[in-house]
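Data block for structure.cif (mmCIF, C-alpha atoms):
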data_my_file
loop_
_atom_site.group_PDB
_atom_site.id
_atom_site.type_symbol
_atom_site.label_atom_id
_atom_site.label_comp_id
_atom_site.auth_asym_id
_atom_site.auth_seq_id
_atom_site.Cartn_x
_atom_site.Cartn_y
_atom_site.Cartn_z
ATOM 1 C CA MET D 213 -12.307 -11.368 -43.834
ATOM 2 C CA ASP D 214 -15.525 -13.105 -42.742
ATOM 3 C CA ALA D 215 -18.222 -11.529 -40.559
ATOM 4 C CA LYS D 216 -17.126 -13.288 -37.361
ATOM 5 C CA THR D 217 -13.510 -12.172 -37.761
ATOM 6 C CA GLU D 218 -14.657 -8.602 -38.445
ATOM 7 C CA TRP D 219 -16.760 -8.662 -35.292
ATOM 8 C CA TYR D 220 -13.878 -9.970 -33.166
ATOM 9 C CA LEU D 221 -11.616 -7.296 -34.640
ATOM 10 C CA SER D 222 -14.097 -4.611 -33.623
ATOM 11 C CA SER D 223 -14.466 -5.951 -30.089
ATOM 12 C CA GLY D 224 -10.684 -6.358 -29.789
ATOM 13 C CA LEU D 225 -10.083 -2.720 -30.719
ATOM 14 C CA ALA D 226 -12.675 -1.598 -28.180
ATOM 15 C CA LEU D 227 -11.158 -3.818 -25.486
ATOM 16 C CA VAL D 228 -7.601 -2.580 -26.059
ATOM 17 C CA GLY D 229 -8.683 1.055 -26.297
ATOM 18 C CA GLY D 230 -10.945 0.679 -23.272
ATOM 19 C CA ALA D 231 -8.175 -0.949 -21.243
ATOM 20 C CA ILE D 232 -5.808 1.929 -22.041
ATOM 21 C CA VAL D 233 -8.281 4.629 -21.016
ATOM 22 C CA MET D 234 -9.220 2.697 -17.853
ATOM 23 C CA ILE D 235 -5.565 2.489 -16.830
ATOM 24 C CA TYR D 236 -5.012 6.173 -17.501
ATOM 25 C CA THR D 237 -8.151 7.138 -15.614
ATOM 26 C CA LEU D 238 -6.759 5.358 -12.565
ATOM 27 C CA PHE D 239 -3.369 6.975 -13.189
ATOM 28 C CA PHE D 240 -4.879 10.467 -13.348
ATOM 29 C CA ALA D 241 -6.912 9.760 -10.202
ATOM 30 C CA GLN D 242 -3.834 8.557 -8.335
ATOM 31 C CA GLN D 243 -1.687 11.519 -9.373
ATOM 32 C CA ILE D 244 -4.275 14.200 -8.618
ATOM 33 C CA SER D 245 -5.453 12.526 -5.405
ATOM 34 C CA TYR D 246 -1.874 12.459 -4.151
ATOM 35 C CA SER D 247 -1.367 16.156 -4.885
ATOM 36 C CA TYR D 248 -4.750 17.104 -3.452
ATOM 37 C CA GLY D 249 -4.237 15.008 -0.345
ATOM 38 C CA PHE D 250 -0.765 16.469 0.236
ATOM 39 C CA SER D 251 -2.122 20.008 -0.157
ATOM 40 C CA VAL D 252 -5.031 19.511 2.230
ATOM 41 C CA GLY D 253 -2.882 17.599 4.719
ATOM 42 C CA SER D 254 -0.159 20.239 4.688
ATOM 43 C CA ALA D 255 -2.743 22.988 5.210
ATOM 44 C CA SER D 256 -4.153 21.107 8.207
ATOM 45 C CA VAL D 257 -0.726 20.633 9.771
ATOM 46 C CA ILE D 258 0.234 24.287 9.280
ATOM 47 C CA SER D 259 -3.083 25.464 10.674
ATOM 48 C CA GLU D 260 -2.867 23.092 13.649
ATOM 49 C CA TYR D 261 0.714 23.974 14.616
ATOM 50 C CA ASN D 262 0.669 27.609 13.466
ATOM 51 C CA VAL D 263 3.656 27.119 11.143
ATOM 52 C CA THR D 264 4.661 29.810 8.669
ATOM 53 C CA PRO D 265 4.410 28.198 5.183
ATOM 54 C CA SER D 266 7.069 28.616 2.520
ATOM 55 C CA ASN D 267 6.317 30.279 -0.816
ATOM 56 C CA SER D 268 6.076 26.889 -2.542
ATOM 57 C CA LEU D 269 3.521 25.684 -0.009
ATOM 58 C CA VAL D 270 1.527 28.885 -0.413
ATOM 59 C CA ALA D 271 1.417 28.256 -4.174
ATOM 60 C CA LEU D 272 0.334 24.676 -3.490
ATOM 61 C CA PHE D 273 -2.465 25.778 -1.167
ATOM 62 C CA ALA D 274 -3.655 28.244 -3.785
ATOM 63 C CA SER D 275 -4.031 25.383 -6.282
ATOM 64 C CA THR D 276 -6.143 23.234 -3.933
ATOM 65 C CA PRO D 277 -9.512 24.264 -5.423
ATOM 66 C CA THR D 278 -8.101 23.545 -8.912
ATOM 67 C CA LEU D 279 -6.913 20.120 -7.809
ATOM 68 C CA GLN D 280 -10.328 19.387 -6.352
ATOM 69 C CA LEU D 281 -11.966 20.354 -9.651
ATOM 70 C CA ALA D 282 -9.466 18.177 -11.535
ATOM 71 C CA LEU D 283 -10.378 15.244 -9.301
ATOM 72 C CA TYR D 284 -14.057 15.751 -10.113
ATOM 73 C CA ILE D 285 -13.136 15.715 -13.805
ATOM 74 C CA VAL D 286 -11.382 12.367 -13.340
ATOM 75 C CA TYR D 287 -14.499 11.005 -11.630
ATOM 76 C CA ILE D 288 -16.486 12.058 -14.695
ATOM 77 C CA MET D 289 -13.957 10.357 -16.984
ATOM 78 C CA GLY D 290 -14.414 7.030 -15.182
ATOM 79 C CA PRO D 291 -17.871 6.105 -16.571
ATOM 80 C CA PHE D 292 -16.806 6.997 -20.121
ATOM 81 C CA ALA D 293 -13.738 4.781 -19.822
ATOM 82 C CA LEU D 294 -15.900 1.997 -18.401
ATOM 83 C CA ILE D 295 -18.349 2.279 -21.329
ATOM 84 C CA MET D 296 -15.515 1.838 -23.839
ATOM 85 C CA PHE D 297 -14.004 -1.161 -22.063
ATOM 86 C CA SER D 298 -17.252 -2.945 -21.172
ATOM 87 C CA SER D 299 -18.638 -2.530 -24.700
ATOM 88 C CA GLY D 300 -15.653 -4.360 -26.144
ATOM 89 C CA ALA D 301 -16.083 -7.144 -23.581
ATOM 90 C CA LEU D 302 -19.829 -7.460 -24.258
ATOM 91 C CA TRP D 303 -19.316 -7.581 -28.026
ATOM 92 C CA LEU D 304 -17.375 -10.819 -27.560
ATOM 93 C CA PHE D 305 -20.592 -12.474 -26.401
ATOM 94 C CA THR D 306 -23.545 -10.603 -27.871
ATOM 95 C CA ARG D 307 -24.489 -8.183 -30.624
ATOM 96 C CA ALA D 308 -27.637 -7.004 -28.898
ATOM 97 C CA TYR D 309 -27.955 -3.211 -28.891
ATOM 98 C CA ALA D 310 -24.614 -3.067 -30.739
ATOM 99 C CA ARG D 311 -25.612 -0.004 -32.748
ATOM 100 C CA LEU D 312 -26.571 1.949 -29.610
ATOM 101 C CA MET D 313 -23.468 0.832 -27.748
ATOM 102 C CA ALA D 314 -21.259 1.736 -30.712
ATOM 103 C CA ALA D 315 -22.682 5.252 -30.675
ATOM 104 C CA LEU D 316 -22.035 5.459 -26.915
ATOM 105 C CA VAL D 317 -18.457 4.276 -27.409
ATOM 106 C CA MET D 318 -17.815 6.930 -30.059
ATOM 107 C CA VAL D 319 -19.302 9.688 -27.898
ATOM 108 C CA SER D 320 -17.382 8.418 -24.851
ATOM 109 C CA ALA D 321 -14.118 8.424 -26.797
ATOM 110 C CA VAL D 322 -14.621 12.048 -27.871
ATOM 111 C CA VAL D 323 -15.606 13.205 -24.368
ATOM 112 C CA PHE D 324 -12.725 11.285 -22.753
ATOM 113 C CA SER D 325 -10.228 12.871 -25.163
ATOM 114 C CA ALA D 326 -11.592 16.346 -24.419
ATOM 115 C CA LEU D 327 -11.368 15.810 -20.656
ATOM 116 C CA THR D 328 -7.886 14.332 -20.999
ATOM 117 C CA ALA D 329 -6.770 17.407 -22.934
ATOM 118 C CA LEU D 330 -8.217 19.619 -20.202
ATOM 119 C CA LEU D 331 -6.152 17.785 -17.583
ATOM 120 C CA GLU D 332 -2.970 17.344 -19.635
ATOM 121 C CA PHE D 333 -2.708 21.013 -20.539
ATOM 122 C CA ASN D 334 -3.213 22.191 -16.956
ATOM 123 C CA PHE D 335 -1.152 19.599 -15.095
ATOM 124 C CA THR D 336 2.115 17.804 -15.796
ATOM 125 C CA PHE D 337 1.759 14.036 -15.679
ATOM 126 C CA HIS D 338 4.459 12.826 -18.099
ATOM 127 C CA ASN D 339 8.020 13.602 -19.121
ATOM 128 C CA SER D 340 7.791 12.172 -22.649
ATOM 129 C CA ILE D 341 5.575 12.946 -25.630
ATOM 130 C CA THR D 342 4.826 9.205 -26.069
ATOM 131 C CA ALA D 343 3.312 8.925 -22.600
ATOM 132 C CA PHE D 344 1.498 12.213 -23.189
ATOM 133 C CA LEU D 345 -0.201 10.859 -26.331
ATOM 134 C CA PHE D 346 -0.960 7.355 -25.026
ATOM 135 C CA PRO D 347 -4.408 8.077 -23.506
ATOM 136 C CA TYR D 348 -5.452 9.665 -26.813
ATOM 137 C CA LEU D 349 -4.424 6.438 -28.561
ATOM 138 C CA GLY D 350 -6.858 4.522 -26.347
ATOM 139 C CA SER D 351 -9.653 6.929 -27.235
ATOM 140 C CA ILE D 352 -8.843 6.677 -30.933
ATOM 141 C CA LEU D 353 -8.899 2.862 -30.851
ATOM 142 C CA ALA D 354 -12.244 2.880 -29.056
ATOM 143 C CA PHE D 355 -13.676 5.432 -31.506
ATOM 144 C CA VAL D 356 -12.506 3.362 -34.487
ATOM 145 C CA ALA D 357 -14.062 0.250 -32.889
ATOM 146 C CA GLY D 358 -17.381 2.053 -32.473
ATOM 147 C CA ALA D 359 -17.331 3.377 -36.038
ATOM 148 C CA TYR D 360 -16.356 -0.060 -37.383
ATOM 149 C CA THR D 361 -19.179 -1.690 -35.419
ATOM 150 C CA MET D 362 -21.639 0.814 -36.857
ATOM 151 C CA LEU D 363 -20.386 -0.103 -40.323
ATOM 152 C CA LEU D 364 -20.774 -3.833 -39.605
ATOM 153 C CA MET D 365 -24.326 -3.318 -38.352
ATOM 154 C CA PHE D 366 -25.114 -1.244 -41.440
ATOM 155 C CA LYS D 367 -23.793 -4.030 -43.677
ATOM 156 C CA LYS D 368 -25.827 -6.559 -41.717
ATOM 157 C CA SER D 369 -29.019 -4.526 -42.128
ATOM 158 C CA THR D 370 -28.433 -4.055 -45.877
ATOM 159 C CA PRO D 371 -30.588 -6.579 -47.759
ATOM 160 C CA ALA D 372 -28.337 -9.339 -49.041
ATOM 161 C CA LYS D 373 -28.779 -11.136 -52.312
ATOM 162 C CA ARG D 374 -31.364 -13.819 -51.811
ATOM 163 C CA ALA D 375 -29.845 -17.279 -51.422
ATOM 164 C CA VAL D 376 -30.658 -19.828 -54.103
ATOM 165 C CA ARG D 377 -32.628 -22.762 -52.716
ATOM 166 C CA GLN D 378 -32.233 -25.245 -55.530
ATOM 167 C CA ILE D 379 -31.021 -25.483 -59.112
ATOM 168 C CA ALA D 380 -31.901 -28.525 -61.229
ATOM 169 C CA ILE D 381 -29.266 -29.698 -63.719
ATOM 170 C CA ASP D 382 -30.419 -31.352 -66.948
ATOM 171 C CA PRO D 383 -27.636 -33.410 -68.581
ATOM 172 C CA LYS D 384 -29.274 -32.814 -71.982
ATOM 173 C CA THR D 385 -28.483 -29.063 -71.830
ATOM 174 C CA PRO D 386 -24.860 -28.727 -70.670
ATOM 175 C CA TYR D 387 -24.317 -25.246 -72.119
ATOM 176 C CA SER D 388 -27.551 -23.875 -70.665
ATOM 177 C CA ASN D 389 -26.666 -25.465 -67.336
ATOM 178 C CA ILE D 390 -23.405 -23.469 -67.171
ATOM 179 C CA MET D 391 -25.251 -20.258 -67.976
ATOM 180 C CA ASN D 392 -27.980 -21.034 -65.450
ATOM 181 C CA ILE D 393 -25.540 -21.845 -62.628
ATOM 182 C CA SER D 394 -23.419 -18.792 -63.447
ATOM 183 C CA ASN D 395 -26.380 -16.403 -63.405
ATOM 184 C CA ARG D 396 -28.440 -17.876 -60.593
ATOM 185 C CA LEU D 397 -25.672 -19.046 -58.252
ATOM 186 C CA MET D 398 -22.153 -17.757 -58.935
ATOM 187 C CA GLY D 399 -23.396 -14.251 -59.675
ATOM 188 C CA LYS D 400 -24.984 -14.080 -56.209
ATOM 189 C CA LEU D 401 -21.887 -15.080 -54.227
ATOM 190 C CA ASN D 402 -19.922 -12.385 -52.380
ATOM 191 C CA GLY D 403 -16.581 -12.015 -50.641
ATOM 192 C CA ASN D 404 -14.618 -15.185 -49.928
ATOM 193 C CA VAL D 405 -15.688 -18.129 -52.103
ATOM 194 C CA LYS D 406 -14.711 -21.552 -50.745
ATOM 195 C CA ILE D 407 -15.028 -24.899 -52.530
ATOM 196 C CA ILE D 408 -14.572 -28.487 -51.384
ATOM 197 C CA ASP D 409 -14.361 -30.781 -54.410
ATOM 198 C CA MET D 410 -12.330 -33.994 -54.267
ATOM 199 C CA HIS D 411 -12.613 -34.294 -58.071
ATOM 200 C CA PHE D 412 -11.430 -30.776 -58.917
ATOM 201 C CA ASP D 413 -9.133 -31.188 -61.942
ATOM 202 C CA SER D 414 -8.273 -29.392 -65.197
ATOM 203 C CA LYS D 415 -11.824 -29.712 -66.429
ATOM 204 C CA GLY D 416 -12.997 -28.363 -63.090
ATOM 205 C CA ILE D 417 -10.804 -25.291 -63.615
ATOM 206 C CA ASP D 418 -12.288 -24.822 -67.087
ATOM 207 C CA ASN D 419 -15.838 -24.986 -65.762
ATOM 208 C CA LEU D 420 -15.030 -22.740 -62.787
ATOM 209 C CA ALA D 421 -13.559 -20.128 -65.145
ATOM 210 C CA ARG D 422 -16.779 -20.189 -67.173
ATOM 211 C CA LEU D 423 -18.975 -20.049 -64.071
ATOM 212 C CA VAL D 424 -17.291 -17.038 -62.473
ATOM 213 C CA LYS D 425 -16.987 -15.022 -65.673
ATOM 214 C CA GLY D 426 -18.769 -11.725 -65.188
ATOM 215 C CA ALA D 427 -19.140 -12.212 -61.414
ATOM 216 C CA GLU D 428 -15.514 -11.574 -60.388
ATOM 217 C CA ALA D 429 -16.268 -8.081 -59.124
ATOM 218 C CA HIS D 430 -18.111 -9.634 -56.157
ATOM 219 C CA TYR D 431 -15.192 -11.852 -55.054
ATOM 220 C CA ALA D 432 -12.208 -11.171 -52.810
ATOM 221 C CA GLU D 433 -10.724 -14.669 -53.008
ATOM 222 C CA ILE D 434 -11.476 -18.204 -54.193
ATOM 223 C CA CYS D 435 -10.146 -21.131 -52.142
ATOM 224 C CA VAL D 436 -10.412 -24.719 -53.353
ATOM 225 C CA LEU D 437 -9.784 -28.039 -51.585
ATOM 226 C CA THR D 438 -9.091 -31.079 -53.755
ATOM 227 C CA ARG D 439 -7.394 -34.485 -53.724
ATOM 228 C CA ALA D 440 -3.735 -35.264 -54.480
ATOM 229 C CA ASP D 441 -4.417 -37.574 -57.449
ATOM 230 C CA ARG D 442 -5.836 -34.584 -59.396
ATOM 231 C CA LEU D 443 -2.474 -32.811 -59.564
ATOM 232 C CA THR D 444 -1.301 -33.592 -63.093
ATOM 233 C CA LYS D 445 1.066 -31.532 -65.254
ATOM 234 C CA GLU D 446 -1.897 -30.233 -67.246
ATOM 235 C CA PHE D 447 -3.671 -29.288 -64.026
ATOM 236 C CA GLU D 448 -0.601 -27.419 -62.767
ATOM 237 C CA ARG D 449 -0.389 -25.363 -65.985
ATOM 238 C CA ASN D 450 -4.090 -24.526 -65.967
ATOM 239 C CA TYR D 451 -4.068 -23.727 -62.265
ATOM 240 C CA ASN D 452 -1.157 -21.273 -62.581
ATOM 241 C CA ASP D 453 -2.687 -19.596 -65.643
ATOM 242 C CA PHE D 454 -6.083 -19.208 -63.963
ATOM 243 C CA ARG D 455 -4.529 -17.981 -60.703
ATOM 244 C CA ASN D 456 -2.483 -15.340 -62.533
ATOM 245 C CA GLU D 457 -5.531 -14.245 -64.488
ATOM 246 C CA LEU D 458 -7.575 -13.810 -61.322
ATOM 247 C CA GLN D 459 -4.727 -11.975 -59.582
ATOM 248 C CA ASN D 460 -4.732 -9.457 -62.421
ATOM 249 C CA ARG D 461 -8.375 -8.805 -61.531
ATOM 250 C CA GLY D 462 -7.583 -8.385 -57.831
ATOM 251 C CA ILE D 463 -8.820 -11.845 -56.741
ATOM 252 C CA THR D 464 -6.724 -14.291 -54.737
ATOM 253 C CA PHE D 465 -6.973 -17.891 -55.940
ATOM 254 C CA GLU D 466 -5.538 -20.586 -53.682
ATOM 255 C CA LEU D 467 -5.627 -24.362 -53.837
ATOM 256 C CA ARG D 468 -4.831 -26.883 -51.119
ATOM 257 C CA VAL D 469 -4.715 -30.653 -51.125
ATOM 258 C CA MET D 470 -6.571 -32.688 -48.492
ATOM 259 C CA ASN D 471 -4.717 -35.445 -46.706
ATOM 260 C CA ASP D 472 -5.695 -39.004 -47.633
ATOM 261 C CA ASP D 473 -7.906 -39.591 -44.588
ATOM 262 C CA ASP D 474 -9.867 -36.371 -45.091
ATOM 263 C CA ALA D 475 -10.258 -37.082 -48.813
ATOM 264 C CA LYS D 476 -11.717 -40.520 -48.051
ATOM 265 C CA ASP D 477 -14.093 -39.196 -45.390
ATOM 266 C CA GLN D 478 -15.345 -36.231 -47.420
ATOM 267 C CA HIS D 479 -18.167 -37.377 -49.699
ATOM 268 C CA GLU D 480 -19.989 -34.134 -50.451
ATOM 269 C CA ARG D 481 -18.844 -31.292 -52.685
ATOM 270 C CA LEU D 482 -19.520 -27.916 -51.069
ATOM 271 C CA LEU D 483 -19.585 -24.347 -52.338
ATOM 272 C CA MET D 484 -19.959 -21.345 -50.022
ATOM 273 C CA ASP D 485 -19.348 -17.628 -49.619
ATOM 274 C CA ASP D 486 -19.538 -15.370 -46.563
ATOM 275 C CA SER D 487 -23.249 -15.981 -45.950
ATOM 276 C CA SER D 488 -24.577 -18.972 -47.933
ATOM 277 C CA ALA D 489 -23.534 -22.552 -48.696
ATOM 278 C CA TYR D 490 -24.562 -25.195 -51.239
ATOM 279 C CA LYS D 491 -24.074 -28.858 -52.016
ATOM 280 C CA ILE D 492 -22.937 -29.185 -55.621
ATOM 281 C CA PRO D 493 -21.988 -31.895 -58.150
ATOM 282 C CA PRO D 494 -18.289 -32.249 -59.060
ATOM 283 C CA LEU D 495 -17.155 -29.127 -60.894
ATOM 284 C CA ASN D 496 -15.648 -31.133 -63.731
ATOM 285 C CA ILE D 497 -19.132 -32.445 -64.629
ATOM 286 C CA ILE D 498 -21.298 -29.829 -62.912
ATOM 287 C CA ASN D 499 -23.131 -29.113 -66.166
ATOM 288 C CA LYS D 500 -23.600 -32.744 -67.196
ATOM 289 C CA LYS D 501 -24.661 -34.593 -64.054
ATOM 290 C CA SER D 502 -28.352 -35.132 -63.374
ATOM 291 C CA GLU D 503 -28.351 -33.662 -59.902
ATOM 292 C CA ASN D 504 -29.659 -30.689 -57.943
ATOM 293 C CA ILE D 505 -27.659 -27.882 -56.377
ATOM 294 C CA VAL D 506 -29.249 -27.334 -52.962
ATOM 295 C CA SER D 507 -28.793 -24.799 -50.177
ATOM 296 C CA ILE D 508 -27.354 -26.117 -46.873
ATOM 297 C CA ASN D 509 -26.471 -24.719 -43.455
ATOM 298 C CA HIS D 510 -23.703 -22.167 -43.877
ATOM 299 C CA ASP D 511 -22.131 -22.370 -40.397
ATOM 300 C CA SER D 512 -21.614 -26.140 -40.474
ATOM 301 C CA ALA D 513 -20.270 -26.005 -44.040
ATOM 302 C CA ALA D 514 -17.849 -23.207 -43.120
ATOM 303 C CA ARG D 515 -16.649 -25.117 -40.053
ATOM 304 C CA ARG D 516 -16.052 -28.222 -42.163
ATOM 305 C CA PHE D 517 -14.101 -26.237 -44.740
ATOM 306 C CA ASP D 518 -11.935 -24.579 -42.077
ATOM 307 C CA GLU D 519 -11.155 -27.964 -40.484
ATOM 308 C CA LEU D 520 -10.081 -29.488 -43.785
ATOM 309 C CA TRP D 521 -8.207 -26.347 -44.860
ATOM 310 C CA SER D 522 -6.159 -26.267 -41.650
ATOM 311 C CA ARG D 523 -4.954 -29.824 -42.296
ATOM 312 C CA ALA D 524 -4.473 -29.483 -46.047
ATOM 313 C CA THR D 525 -1.184 -28.938 -47.906
ATOM 314 C CA LYS D 526 -0.194 -26.436 -50.561
ATOM 315 C CA PRO D 527 0.292 -28.132 -53.941
ATOM 316 C CA GLU D 528 3.923 -26.993 -54.234
ATOM 317 C CA ASN D 529 4.681 -28.984 -51.075
ATOM 318 C CA ILE D 530 3.322 -32.207 -52.549
ATOM 319 C CA ARG D 531 6.086 -34.481 -53.798
#
Hey, can you dump this file as structure tokens for me?
Amino acid sequence: MDAKTEWYLSSGLALVGGAIVMIYTLFFAQQISYSYGFSVGSASVISEYNVTPSNSLVALFASTPTLQLALYIVYIMGPFALIMFSSGALWLFTRAYARLMAALVMVSAVVFSALTALLEFNFTFHNSITAFLFPYLGSILAFVAGAYTMLLMFKKSTPAKRAVRQIAIDPKTPYSNIMNISNRLMGKLNGNVKIIDMHFDSKGIDNLARLVKGAEAHYAEICVLTRADRLTKEFERNYNDFRNELQNRGITFELRVMNDDDAKDQHERLLMDDSSAYKIPPLNIINKKSENIVSINHDSAARRFDELWSRATKPENIR
């Protein structure tokens, strides 16, 4: 899961949890206001017309101060519910003050749950246990969103491995080139590794296996985009063997084939992870081509990969 998806997940949890607690705050206010209004109104009518109240009305009048206190509690719950909901909405657009807001959301969720318990155990609002627990679910979702946001901000503030600016490849030293690229580049990648290489073939798989050796612990998945004319019988065997080997190490390896138009339009080979991106030579000759590996803009490279990936086809669907 990339950083943007994680952030949207956090804001989504806060929005859903915030919406639930907002709805239940209004529900509590409506229920208690009705009871309080009926009690005060009945007392006024009885006092005005000198009517002898029944025992049930006497009990209701006796609870009027409690209902008034409960209404004040609901008023206090309102701002906490609003903090949870508005934080989720704001996180869709900005990360400014996210750490502070996440702390406020977590505190608000705890306070809202405590106040809800105070109301629920003194008044009857629901006939089912599901409805009884629903406002706590909203608080839990908001609390999880706040904690998750704190974790994301902590990860963001943790110094990342420094991106490589440039690696020169000398065709006279192919073995040293593999070692250099593996140590200086592949060993610094993290999370989801994505590759666009129209020339990715059996030799490309061989070189990729050598490049990632020793760095697999940093990867969650490796996704590769290539061209249809690279899918030979030898490639299929090597691809399945390498995929199974990576799966045994807990890494997903997936290949897709670009359509003909995309393959013709795509001229650069790209390599990226969750935070950095590079322009690379073809993987099948990455250690033999006199070329430089250079750092490029990550966001534009990631967008390009996602566009091509969405239109690409799984190799088993190629006939």
**Nearby residues (only C-alpha atoms) at most 7 Å from Asn499 of chain D, same-chain spacing under 2 positions excluded, as a list of chain:residue names** = D:Ile381, D:Pro383, D:Pro386, D:Asn389, D:Ile390, D:Ile497, D:Lys501
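Distance annotation: of D:Asn496, D:Leu327, D:Ala432, D:Arg377, the residue with the minimal separation from Ile508 of chain D is D:Arg377; atom set is all atoms listed in the file.
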**Prompt:** Using only C-alpha atoms, which of the listed residues (D:Val317, D:Gln378, D:Leu397, D:Leu349) sits closest to Trp303 of chain D?
**Reply:**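 Among D:Val317, D:Gln378, D:Leu397, D:Leu349, it is D:Val317 that comes nearest to Trp303 of chain D.
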**Request:** Just say which residues the PyMOL selection byres ((chain D and resi 498) around 12) picks in this file, as JSON, numbers by chain.
**Result:** {"D": [379, 380, 381, 382, 383, 385, 386, 387, 388, 389, 390, 391, 392, 393, 394, 409, 411, 412, 415, 416, 417, 418, 419, 420, 422, 423, 481, 491, 492, 493, 494, 495, 496, 497, 499, 500, 501, 502, 503, 504, 505]}
**Asked** Quick one: which residues end up in the PyMOL selection byres ((chain D and resi 241-245) around 10) for this structure, as a PyMOL selection string?
**Response** chain D and resi 235-240+246-251+279-287+289-290+331+335-337
**Asked** D:Met296, D:Asn456, D:Asn471, D:Met313: which is nearest Ile352 of chain D, counting all atoms listed in the file?
**Response**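 Nearest to Ile352 of chain D: D:Met296.
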**Message:** Excluding Leu304 of chain D and its own-chain neighbours fewer than 4 positions away, which residues fall within 10 Å of it when counting all atoms listed in the file? Please give them as a VMD selection string.
**Reply:** chain D and resid 219 to 224 227 299 to 300
**Asked** Hey, what comes out of the PyMOL selection byres ((chain D and resi 475) around 10) on this file? Could you write it as a list in words?
**Response**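 Taken over the shown coordinates, the PyMOL selection byres ((chain D and resi 475) around 10) returns Ile408, Asp409, Met410, His411, Leu437, Thr438, Arg439, Ala440, Val469, Met470, Asn471, Asp472, Asp473, Asp474, Lys476, Asp477, Gln478, His479, Leu520 and Ala524 of chain D.
Distances to Ala489 of chain D were evaluated for D:Val424, D:Val405, D:Leu225, D:Val436 using all atoms listed in the file, and the minimum falls at D:Val405.
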**Message:** Please compute the atom CA of Arg515 of chain D-atom CA of Ser488 of chain D distance, one decimal, in Å.
**Reply:**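 Distance reported for this atom pair: 12.8 Å.
Minimum atom-to-atom distances from D:Ser512, D:Ser298, D:Thr217, D:Asn529 to Leu364 of chain D were compared using all atoms listed in the file, and the lowest value belongs to D:Thr217.
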**Message:** With only C-alpha atoms as the counted atoms, please give the residues lying no more than 12 Å from Tyr348 of chain D, apart from itself and same-chain residues fewer than 2 positions off, as a ChimeraX atom specification.
**Reply:** /D:229-230,232-234,236-237,293,321-329,332,341-346,350-355
**Message:** Quick check, in Å to one decimal: how far apart do atom CA of Glu466 of chain D and atom CA of Tyr360 of chain D lie?
**Reply:** 28.4 Å
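When atom CA of Met398 of chain D is paired with atom CA of Asn460 of chain D, their separation reads 19.6 Å.
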**Top pick for closest residue to Arg468 of chain D, considering D:Gly358, D:Pro527, D:Pro277, D:Pro347 and counting all atoms listed in the file** =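 Closest residue, counting all atoms listed in the file: D:Pro527.
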